[in-house]
$ cat start-v7.cif   # mmCIF, C-alpha atoms
data_protein
loop_
_atom_site.label_atom_id
_atom_site.label_comp_id
_atom_site.auth_asym_id
_atom_site.auth_seq_id
_atom_site.Cartn_x
_atom_site.Cartn_y
_atom_site.Cartn_z
CA MET A 1 -41.10 -62.96 -44.94
CA SER A 2 -41.40 -59.21 -45.21
CA GLN A 3 -40.37 -56.99 -42.38
CA GLU A 4 -42.53 -53.97 -41.62
CA ALA A 5 -41.20 -51.11 -39.58
CA TYR A 6 -43.36 -50.52 -36.56
CA VAL A 7 -44.51 -46.94 -36.08
CA ASP A 8 -46.18 -46.00 -32.86
CA PRO A 9 -49.22 -43.87 -33.85
CA ALA A 10 -49.09 -42.12 -30.51
CA THR A 11 -45.64 -40.71 -31.07
CA ALA A 12 -45.27 -40.72 -34.86
CA VAL A 13 -44.19 -37.41 -36.41
CA LEU A 14 -45.91 -37.09 -39.74
CA TRP A 15 -44.37 -33.84 -40.81
CA ASP A 16 -41.66 -31.46 -39.79
CA GLN A 17 -43.07 -28.89 -37.41
CA SER A 18 -40.29 -26.38 -38.01
CA HIS A 19 -39.64 -24.27 -41.07
CA THR A 20 -36.37 -26.06 -41.86
CA GLU A 21 -35.45 -25.49 -45.52
CA HIS A 22 -38.86 -23.99 -45.97
CA ASP A 23 -39.55 -20.40 -46.93
CA MET A 24 -42.47 -19.47 -44.70
CA ILE A 25 -42.90 -15.97 -46.15
CA ALA A 26 -42.93 -17.09 -49.81
CA THR A 27 -45.32 -19.96 -49.05
CA ARG A 28 -47.79 -17.67 -47.34
CA THR A 29 -47.68 -14.95 -49.98
CA LEU A 30 -48.21 -17.53 -52.74
CA GLY A 31 -51.13 -19.04 -50.82
CA PHE A 32 -52.67 -15.61 -50.35
CA TRP A 33 -52.15 -14.78 -54.01
CA LEU A 34 -54.07 -17.94 -54.98
CA TYR A 35 -56.85 -16.83 -52.64
CA LEU A 36 -56.93 -13.41 -54.35
CA LEU A 37 -57.25 -15.07 -57.74
CA SER A 38 -60.18 -17.17 -56.51
CA ASP A 39 -61.72 -13.96 -55.18
CA ALA A 40 -61.27 -12.45 -58.63
CA MET A 41 -63.39 -15.29 -60.06
CA ILE A 42 -66.30 -13.83 -58.07
CA VAL A 43 -65.51 -10.50 -59.71
CA SER A 44 -65.61 -12.21 -63.11
CA SER A 45 -69.08 -13.60 -62.41
CA LEU A 46 -70.24 -10.16 -61.27
CA PHE A 47 -68.84 -8.64 -64.46
CA ALA A 48 -70.61 -11.34 -66.49
CA SER A 49 -73.90 -10.54 -64.74
CA TYR A 50 -73.37 -6.83 -65.28
CA LEU A 51 -72.66 -7.35 -68.96
CA VAL A 52 -75.87 -9.35 -69.41
CA LEU A 53 -78.05 -6.99 -67.36
CA ASP A 54 -76.63 -3.79 -68.86
CA HIS A 55 -79.44 -3.57 -71.37
CA ARG A 56 -82.52 -1.41 -71.50
CA VAL A 57 -84.84 -4.39 -71.18
CA ASN A 58 -83.39 -4.98 -67.71
CA ALA A 59 -83.81 -1.36 -66.65
CA ALA A 60 -87.51 -1.95 -65.90
CA ALA A 61 -88.33 1.40 -67.51
CA GLY A 62 -85.85 2.99 -65.11
CA PRO A 63 -82.38 4.46 -65.42
CA THR A 64 -79.76 2.83 -67.60
CA ALA A 65 -75.97 3.06 -67.42
CA GLY A 66 -75.93 6.46 -69.12
CA ASP A 67 -78.06 7.88 -66.29
CA VAL A 68 -76.26 6.19 -63.42
CA VAL A 69 -72.52 6.44 -64.03
CA HIS A 70 -70.53 9.63 -63.57
CA PRO A 71 -67.12 9.03 -65.18
CA MET A 72 -65.58 12.30 -63.96
CA ALA A 73 -66.42 11.51 -60.33
CA ALA A 74 -65.13 7.98 -60.88
CA PHE A 75 -61.87 9.40 -62.23
CA TRP A 76 -61.27 11.42 -59.06
CA GLY A 77 -61.91 8.20 -57.18
CA THR A 78 -59.33 6.57 -59.45
CA VAL A 79 -56.78 9.25 -58.55
CA LEU A 80 -57.40 8.63 -54.85
CA LEU A 81 -57.16 4.87 -55.21
CA PHE A 82 -53.97 4.88 -57.28
CA SER A 83 -52.48 7.43 -54.85
CA ALA A 84 -53.35 5.07 -51.98
CA ILE A 85 -51.50 2.30 -53.80
CA LEU A 86 -48.52 4.56 -54.39
CA ALA A 87 -48.48 5.40 -50.67
CA TYR A 88 -48.44 1.68 -49.87
CA GLY A 89 -45.59 1.30 -52.34
CA ALA A 90 -43.69 3.98 -50.38
CA ALA A 91 -44.31 1.91 -47.24
CA MET A 92 -42.80 -1.11 -49.02
CA VAL A 93 -39.70 0.90 -49.93
CA GLY A 94 -39.46 1.87 -46.25
CA LEU A 95 -39.78 -1.80 -45.29
CA LYS A 96 -36.97 -2.70 -47.66
CA ARG A 97 -34.75 -0.16 -45.85
CA GLY A 98 -35.93 -1.27 -42.42
CA ASN A 99 -37.28 2.20 -41.70
CA ARG A 100 -40.22 1.86 -39.34
CA THR A 101 -41.23 5.53 -39.57
CA ALA A 102 -41.34 5.42 -43.36
CA VAL A 103 -43.51 2.30 -43.24
CA LEU A 104 -45.93 3.91 -40.80
CA VAL A 105 -46.13 7.12 -42.85
CA GLY A 106 -46.74 5.12 -46.04
CA LEU A 107 -49.41 3.02 -44.39
CA GLY A 108 -51.00 6.15 -42.91
CA GLY A 109 -51.11 7.75 -46.36
CA ALA A 110 -52.69 4.61 -47.86
CA PHE A 111 -55.23 4.58 -45.02
CA LEU A 112 -56.26 8.21 -45.58
CA LEU A 113 -56.35 8.03 -49.37
CA GLY A 114 -58.21 4.71 -49.35
CA GLY A 115 -60.65 6.21 -46.86
CA GLY A 116 -61.04 9.20 -49.19
CA PHE A 117 -61.92 6.88 -52.05
CA LEU A 118 -64.54 5.19 -49.90
CA LEU A 119 -66.06 8.51 -48.84
CA ALA A 120 -66.26 9.67 -52.47
CA GLU A 121 -67.84 6.39 -53.53
CA GLY A 122 -70.23 6.46 -50.59
CA TYR A 123 -71.31 10.00 -51.53
CA ASP A 124 -71.86 8.93 -55.15
CA PHE A 125 -74.05 6.00 -54.13
CA ALA A 126 -75.94 8.09 -51.58
CA GLN A 127 -76.83 10.52 -54.38
CA LEU A 128 -78.08 7.64 -56.51
CA ALA A 129 -80.21 6.32 -53.66
CA LEU A 130 -81.64 9.79 -52.98
CA HIS A 131 -82.77 9.90 -56.60
CA GLY A 132 -84.52 6.56 -56.28
CA MET A 133 -81.80 4.58 -58.03
CA VAL A 134 -81.65 1.78 -55.50
CA PRO A 135 -80.66 -1.86 -56.21
CA GLU A 136 -84.22 -3.19 -56.07
CA ARG A 137 -85.32 -0.69 -58.73
CA SER A 138 -84.17 -2.94 -61.60
CA GLY A 139 -81.98 -5.83 -62.61
CA TYR A 140 -79.48 -3.40 -64.08
CA LEU A 141 -79.16 -1.42 -60.85
CA SER A 142 -78.80 -4.63 -58.84
CA ALA A 143 -75.88 -5.68 -61.02
CA PHE A 144 -74.34 -2.19 -60.88
CA TYR A 145 -74.51 -1.98 -57.08
CA ALA A 146 -73.27 -5.54 -56.63
CA LEU A 147 -70.23 -5.11 -58.86
CA VAL A 148 -69.07 -1.67 -57.72
CA LEU A 149 -69.80 -2.19 -54.03
CA TYR A 150 -68.12 -5.60 -54.03
CA HIS A 151 -64.94 -3.76 -54.93
CA GLY A 152 -65.74 -1.09 -52.33
CA ALA A 153 -66.24 -3.74 -49.64
CA HIS A 154 -62.72 -4.98 -50.36
CA LEU A 155 -61.38 -1.49 -49.82
CA VAL A 156 -63.22 -1.23 -46.49
CA PHE A 157 -61.53 -4.44 -45.43
CA GLY A 158 -58.19 -3.21 -46.80
CA VAL A 159 -58.37 0.07 -44.87
CA LEU A 160 -59.13 -1.83 -41.64
CA TRP A 161 -56.28 -4.22 -42.36
CA ILE A 162 -53.91 -1.27 -42.88
CA ALA A 163 -54.93 0.13 -39.48
CA VAL A 164 -54.21 -3.24 -37.86
CA MET A 165 -50.82 -3.45 -39.57
CA MET A 166 -49.90 0.06 -38.43
CA ALA A 167 -50.50 -1.06 -34.86
CA GLN A 168 -48.49 -4.27 -35.38
CA VAL A 169 -45.56 -2.46 -36.99
CA ALA A 170 -45.53 0.12 -34.19
CA ARG A 171 -45.69 -2.49 -31.41
CA GLN A 172 -43.81 -5.49 -32.81
CA GLY A 173 -41.47 -4.06 -35.43
CA PHE A 174 -40.43 -6.16 -38.42
CA THR A 175 -40.88 -9.71 -37.17
CA PRO A 176 -41.29 -12.49 -39.79
CA ASN A 177 -45.04 -12.58 -39.12
CA VAL A 178 -45.45 -8.83 -39.49
CA VAL A 179 -43.37 -8.83 -42.68
CA TYR A 180 -45.37 -11.58 -44.41
CA ARG A 181 -48.63 -9.85 -43.41
CA LEU A 182 -47.35 -6.59 -44.91
CA LEU A 183 -46.48 -8.45 -48.11
CA ASN A 184 -49.92 -10.08 -48.25
CA LEU A 185 -51.58 -6.73 -47.66
CA LYS A 186 -49.45 -5.29 -50.47
CA LEU A 187 -50.79 -7.96 -52.83
CA PHE A 188 -54.35 -7.31 -51.64
CA TRP A 189 -54.08 -3.52 -51.89
CA PHE A 190 -52.37 -3.49 -55.29
CA PHE A 191 -54.86 -6.03 -56.62
CA GLN A 192 -57.75 -3.68 -55.79
CA GLY A 193 -56.20 -1.14 -58.16
CA PHE A 194 -55.94 -3.88 -60.74
CA ILE A 195 -59.66 -4.71 -60.45
CA TRP A 196 -60.57 -1.02 -60.49
CA ILE A 197 -59.06 -0.68 -63.97
CA TYR A 198 -61.88 -2.90 -65.23
CA VAL A 199 -64.61 -1.32 -63.13
CA PHE A 200 -63.59 2.15 -64.30
CA SER A 201 -63.19 1.12 -67.95
CA PHE A 202 -66.16 -1.21 -68.44
CA VAL A 203 -68.68 0.24 -66.02
CA TYR A 204 -67.98 3.96 -65.94
CA LEU A 205 -66.41 4.70 -69.34
CA ALA A 206 -68.42 2.14 -71.31
CA GLY A 207 -71.50 3.21 -69.37
CA ALA A 208 -70.98 6.80 -70.47
CA LEU A 209 -70.70 5.53 -74.04
CA HIS A 210 -73.76 3.34 -73.49
CA VAL A 211 -72.63 0.81 -76.08
CA HIS A 212 -74.74 -2.34 -76.34
CA MET B 1 -32.00 -22.46 -42.77
CA SER B 2 -35.18 -20.71 -43.65
CA THR B 3 -34.94 -17.29 -45.27
CA GLU B 4 -36.93 -15.51 -42.58
CA ALA B 5 -34.78 -16.97 -39.82
CA ARG B 6 -31.89 -14.86 -41.15
CA ASP B 7 -33.66 -11.55 -41.54
CA PRO B 8 -37.19 -11.10 -42.88
CA LEU B 9 -36.23 -7.77 -44.42
CA GLN B 10 -33.70 -9.55 -46.64
CA HIS B 11 -36.44 -11.73 -48.11
CA PRO B 12 -36.51 -11.42 -51.93
CA GLU B 13 -40.15 -10.30 -51.92
CA VAL B 14 -39.31 -7.44 -49.57
CA GLN B 15 -36.33 -6.49 -51.73
CA LEU B 16 -38.59 -6.26 -54.82
CA ALA B 17 -39.80 -2.78 -53.82
CA ARG B 18 -38.72 -0.05 -56.25
CA GLY B 19 -39.80 3.51 -55.54
CA GLY B 20 -39.10 4.79 -59.04
CA GLN B 21 -41.11 2.03 -60.69
CA TYR B 22 -44.02 2.59 -58.32
CA LEU B 23 -44.06 6.32 -59.11
CA GLY B 24 -43.67 5.79 -62.87
CA THR B 25 -46.51 3.25 -62.91
CA TYR B 26 -48.68 5.67 -60.94
CA ILE B 27 -48.16 8.44 -63.51
CA VAL B 28 -48.75 6.11 -66.47
CA SER B 29 -51.86 4.69 -64.78
CA LEU B 30 -53.37 8.14 -64.41
CA LEU B 31 -52.54 8.95 -68.04
CA LEU B 32 -54.08 5.71 -69.32
CA THR B 33 -57.28 6.30 -67.36
CA GLY B 34 -57.39 10.05 -67.96
CA ALA B 35 -56.88 9.87 -71.74
CA PRO B 36 -59.86 7.61 -72.53
CA LEU B 37 -61.95 9.58 -70.04
CA TRP B 38 -61.16 12.80 -71.89
CA LEU B 39 -62.05 11.22 -75.24
CA VAL B 40 -65.31 9.76 -73.90
CA VAL B 41 -66.44 12.89 -72.07
CA HIS B 42 -65.82 15.05 -75.15
CA HIS B 43 -67.28 12.44 -77.54
CA LEU B 44 -64.16 12.50 -79.69
CA GLY B 45 -64.98 9.54 -81.92
CA THR B 46 -67.69 7.05 -82.67
CA PRO B 47 -68.83 4.85 -79.75
CA LEU B 48 -67.14 1.83 -81.34
CA ARG B 49 -63.79 3.59 -81.75
CA LEU B 50 -63.96 5.00 -78.25
CA MET B 51 -64.73 1.54 -76.90
CA ILE B 52 -61.67 0.18 -78.70
CA VAL B 53 -59.56 2.90 -77.06
CA VAL B 54 -61.03 2.06 -73.63
CA VAL B 55 -60.27 -1.65 -74.09
CA ALA B 56 -56.74 -0.93 -75.37
CA CYS B 57 -55.95 1.34 -72.41
CA ALA B 58 -57.33 -1.22 -69.94
CA ALA B 59 -55.21 -3.95 -71.55
CA ALA B 60 -52.09 -1.76 -71.44
CA LEU B 61 -52.74 -0.91 -67.79
CA THR B 62 -53.16 -4.59 -66.99
CA LEU B 63 -49.69 -5.31 -68.33
CA ILE B 64 -48.06 -2.25 -66.79
CA GLN B 65 -49.55 -2.61 -63.30
CA GLY B 66 -49.11 -6.38 -63.42
CA TYR B 67 -45.40 -6.05 -64.17
CA PHE B 68 -44.36 -2.97 -62.22
CA TRP B 69 -46.77 -2.96 -59.26
CA LEU B 70 -47.60 -6.62 -58.72
CA ARG B 71 -44.20 -7.69 -60.05
CA LEU B 72 -45.57 -10.55 -62.13
CA ASP B 73 -42.38 -11.59 -63.88
CA PHE B 74 -40.36 -14.76 -64.39
CA SER B 75 -37.81 -14.17 -61.66
CA ARG B 76 -37.15 -17.06 -59.31
CA THR B 77 -39.09 -15.30 -56.57
CA GLN B 78 -42.18 -14.45 -58.59
CA ARG B 79 -42.50 -17.15 -61.24
CA TRP B 80 -45.19 -19.20 -59.45
CA MET B 81 -47.32 -16.15 -58.85
CA THR B 82 -46.99 -15.28 -62.53
CA ALA B 83 -47.83 -18.87 -63.51
CA ALA B 84 -50.95 -18.82 -61.32
CA PHE B 85 -52.01 -15.51 -62.84
CA VAL B 86 -51.44 -16.68 -66.41
CA LEU B 87 -53.53 -19.79 -65.73
CA PHE B 88 -56.19 -17.62 -64.11
CA ILE B 89 -56.64 -15.33 -67.15
CA PRO B 90 -58.44 -17.90 -69.37
CA LEU B 91 -60.82 -18.73 -66.52
CA PHE B 92 -61.59 -15.04 -66.04
CA VAL B 93 -62.07 -14.42 -69.74
CA MET B 94 -64.15 -17.57 -70.26
CA THR B 95 -66.47 -16.78 -67.36
CA ILE B 96 -67.29 -13.39 -68.81
CA GLY B 97 -67.01 -14.30 -72.48
CA LEU B 98 -69.09 -17.47 -72.37
CA THR B 99 -71.80 -15.80 -70.32
CA ALA B 100 -71.94 -12.91 -72.78
CA TRP B 101 -72.02 -15.36 -75.68
CA MET B 102 -74.85 -17.39 -74.13
CA PHE B 103 -76.96 -14.30 -73.58
CA ALA B 104 -75.91 -12.37 -76.69
CA THR B 105 -79.03 -13.09 -78.67
CA LEU B 106 -81.39 -13.96 -75.83
CA TYR B 107 -83.26 -10.68 -75.91
CA THR B 108 -83.72 -10.73 -79.68
CA ARG B 109 -85.04 -14.29 -79.50
CA THR B 110 -87.31 -13.90 -76.51
CA MET B 111 -88.30 -10.28 -76.07
CA ILE B 112 -90.75 -8.15 -78.00
CA PRO B 113 -88.90 -6.89 -81.09
CA THR B 114 -90.30 -3.36 -80.82
CA LEU B 115 -89.01 -3.15 -77.28
CA MET B 116 -85.55 -4.13 -78.44
CA HIS B 117 -85.30 -1.21 -80.83
CA ALA B 118 -87.03 1.40 -78.71
CA PRO B 119 -84.95 4.30 -77.40
CA ALA B 120 -83.58 3.94 -73.90
CA PHE B 121 -86.27 4.60 -71.33
CA ALA B 122 -85.86 7.85 -69.52
CA HIS B 123 -86.94 8.03 -65.91
#
$ encode --input "start-v7.cif" --output "structure tokens"
Amino acid sequence: MSQEAYVDPATAVLWDQSHTEHDMIATRTLGFWLYLLSDAMIVSSLFASYLVLDHRVNAAAGPTAGDVVHPMAAFWGTVLLFSAILAYGAAMVGLKRGNRTAVLVGLGGAFLLGGGFLLAEGYDFAQLALHGMVPERSGYLSAFYALVLYHGAHLVFGVLWIAVMMAQVARQGFTPNVVYRLLNLKLFWFFQGFIWIYVFSFVYLAGALHVH
Amino acid sequence: MSTEARDPLQHPEVQLARGGQYLGTYIVSLLLTGAPLWLVVHHLGTPLRLMIVVVACAAALTLIQGYFWLRLDFSRTQRWMTAAFVLFIPLFVMTIGLTAWMFATLYTRTMIPTLMHAPAFAH
């Protein structure tokens, strides 16, 4: 006759509630990294759509890439974005040294430079809209707006997140929760630069070449 | 004992930060975006050759930023992030590549041939 251990469902502990022998920070950064990669799959589908629609037959007798993209303006945006990432890197060096002021200065720099990128991009798109180049004008413009502004929307979220983290660092200091959030934001912020490489290269530079 | 219970600032991912590498990557990133821009803006080459330069610079930047900014390496701390990224790359490439392949000849097969070879429409 087999003996079964009786477990009271009302009091059973199914998993360890503490973080014993468990690296909470590494688990959360890995989880967030996997989320970022799934987010990048949306970017890949937007790139695929852009590639297909970047053809004169989808311009509906309207502007094509050569008329819409301004690679020089995009390059100044690139300088701002990479500078914002460098500023966040400086904040990470400050975090490594436990220097709260350095972290806040780095985050403040990333906030301002990221905001500058958004203003420049907003101005660029406002100019397009003023010239009638709006998303509903053609399939090509829809794809262009969707791809570039999807990246821009991430930066809006990133800038807001930086502001929240500045407040948390100032009020709470370097608690485990604040540290893992700073690390996740680092992944998020650096990844936006990573995605921008492709937007700049295959939308702005290739658009200026107008290769089909 | 968990790592963060000791001191979160001693966590390996916090200790990955390297100011010199961040600055070096920043400079190289601007060079590898500025150089193809200069070539494209001044039309220094055929469109095909310029496109090859653009792709090569983007690929180089991917490796450089991936290694020095995102720290995608095979260290004990980062190896699972690197593994996830390596497994992600074929999905990313296939999504774009297969879509492009499916639509590559669509316009030639379905659209009016004269339209296909007409100059780009000016607005």
$ residues_around --input "start-v7.cif" --residues "A:Leu37" --least-positions-apart "6" --cutoff "12 Å" --atoms "only C-alpha atoms" --output "PyMOL selection string"
(chain A and resi 30-31+43-44+187-188+191-192+194-195) or (chain B and resi 81-89+91-92)
$ atom_distance --input "start-v7.cif" --atom1 "atom CA of A:Ala59" --atom2 "atom CA of A:Gly139"
6.3 Å
$ closest_atom_pairs --input "start-v7.cif" --of "chain A" --to "chain B" --cutoff "6 Å" --atoms "only C-alpha atoms" --output "tab-separated table"
residue	atom	partner	partner_atom	distance
A:Thr20	CA	B:Met1	CA	5.7
A:Glu21	CA	B:Ser2	CA	5.1
A:His22	CA	B:Ser2	CA	5.4
A:Asp23	CA	B:Ser2	CA	5.5
A:Ser44	CA	B:Phe92	CA	5.7
A:Ala48	CA	B:Ile96	CA	4.5
A:Arg56	CA	B:Ala120	CA	6.0
A:Ala61	CA	B:Phe121	CA	5.4
A:Gly62	CA	B:His123	CA	5.2
A:Pro63	CA	B:His123	CA	5.8
A:Met92	CA	B:Ala17	CA	5.9
A:Val93	CA	B:Ala17	CA	5.4
A:Lys96	CA	B:Gln15	CA	5.6
A:Pro176	CA	B:Pro8	CA	5.3
$ write_last_selection --input "start-v7.cif" --atoms "C-alpha atoms" --output "CSV table (one decimal), keeping the file's coordinate frame"
chain,number,residue,atom,x,y,z
A,20,THR,CA,-36.4,-26.1,-41.9
A,21,GLU,CA,-35.4,-25.5,-45.5
A,22,HIS,CA,-38.9,-24.0,-46.0
A,23,ASP,CA,-39.6,-20.4,-46.9
A,44,SER,CA,-65.6,-12.2,-63.1
A,48,ALA,CA,-70.6,-11.3,-66.5
A,56,ARG,CA,-82.5,-1.4,-71.5
A,61,ALA,CA,-88.3,1.4,-67.5
A,62,GLY,CA,-85.8,3.0,-65.1
A,63,PRO,CA,-82.4,4.5,-65.4
A,92,MET,CA,-42.8,-1.1,-49.0
A,93,VAL,CA,-39.7,0.9,-49.9
A,96,LYS,CA,-37.0,-2.7,-47.7
A,176,PRO,CA,-41.3,-12.5,-39.8
$ residues_near_point --input "start-v7.cif" --point "(-50.0, -1.3, -42.8)" --cutoff "7 Å" --atoms "all atoms listed in the file" --output "list in words"
Leu104, Leu107, Trp161, Ile162, Ala163, Val164, Met165, Met166 and Leu182 of chain A
$ residues_near_point --input "start-v7.cif" --point "(-80.5, 1.2, -62.0)" --cutoff "9 Å" --atoms "only C-alpha atoms" --output "PDB file with C-alpha atoms, keeping the file's coordinate frame"
ATOM      1  CA  ASN A  58     -83.390  -4.980 -67.710  1.00  0.00           C
ATOM      2  CA  ALA A  59     -83.810  -1.360 -66.650  1.00  0.00           C
ATOM      3  CA  ALA A  60     -87.510  -1.950 -65.900  1.00  0.00           C
ATOM      4  CA  GLY A  62     -85.850   2.990 -65.110  1.00  0.00           C
ATOM      5  CA  PRO A  63     -82.380   4.460 -65.420  1.00  0.00           C
ATOM      6  CA  THR A  64     -79.760   2.830 -67.600  1.00  0.00           C
ATOM      7  CA  ALA A  65     -75.970   3.060 -67.420  1.00  0.00           C
ATOM      8  CA  ASP A  67     -78.060   7.880 -66.290  1.00  0.00           C
ATOM      9  CA  VAL A  68     -76.260   6.190 -63.420  1.00  0.00           C
ATOM     10  CA  LEU A 128     -78.080   7.640 -56.510  1.00  0.00           C
ATOM     11  CA  GLY A 132     -84.520   6.560 -56.280  1.00  0.00           C
ATOM     12  CA  MET A 133     -81.800   4.580 -58.030  1.00  0.00           C
ATOM     13  CA  VAL A 134     -81.650   1.780 -55.500  1.00  0.00           C
ATOM     14  CA  PRO A 135     -80.660  -1.860 -56.210  1.00  0.00           C
ATOM     15  CA  GLU A 136     -84.220  -3.190 -56.070  1.00  0.00           C
ATOM     16  CA  ARG A 137     -85.320  -0.690 -58.730  1.00  0.00           C
ATOM     17  CA  SER A 138     -84.170  -2.940 -61.600  1.00  0.00           C
ATOM     18  CA  GLY A 139     -81.980  -5.830 -62.610  1.00  0.00           C
ATOM     19  CA  TYR A 140     -79.480  -3.400 -64.080  1.00  0.00           C
ATOM     20  CA  LEU A 141     -79.160  -1.420 -60.850  1.00  0.00           C
ATOM     21  CA  SER A 142     -78.800  -4.630 -58.840  1.00  0.00           C
ATOM     22  CA  ALA A 143     -75.880  -5.680 -61.020  1.00  0.00           C
ATOM     23  CA  PHE A 144     -74.340  -2.190 -60.880  1.00  0.00           C
ATOM     24  CA  TYR A 145     -74.510  -1.980 -57.080  1.00  0.00           C
TER      25      TYR A 145
END
$ resolve_selection --input "start-v7.cif" --expression "the PyMOL selection byres ((chain A and resi 196) around 12)" --output "ChimeraX atom specification"
/A:40,43,47,74-75,77-82,85,117,147-152,154-155,189-195,197-204 /B:29,33,58,61-62,65
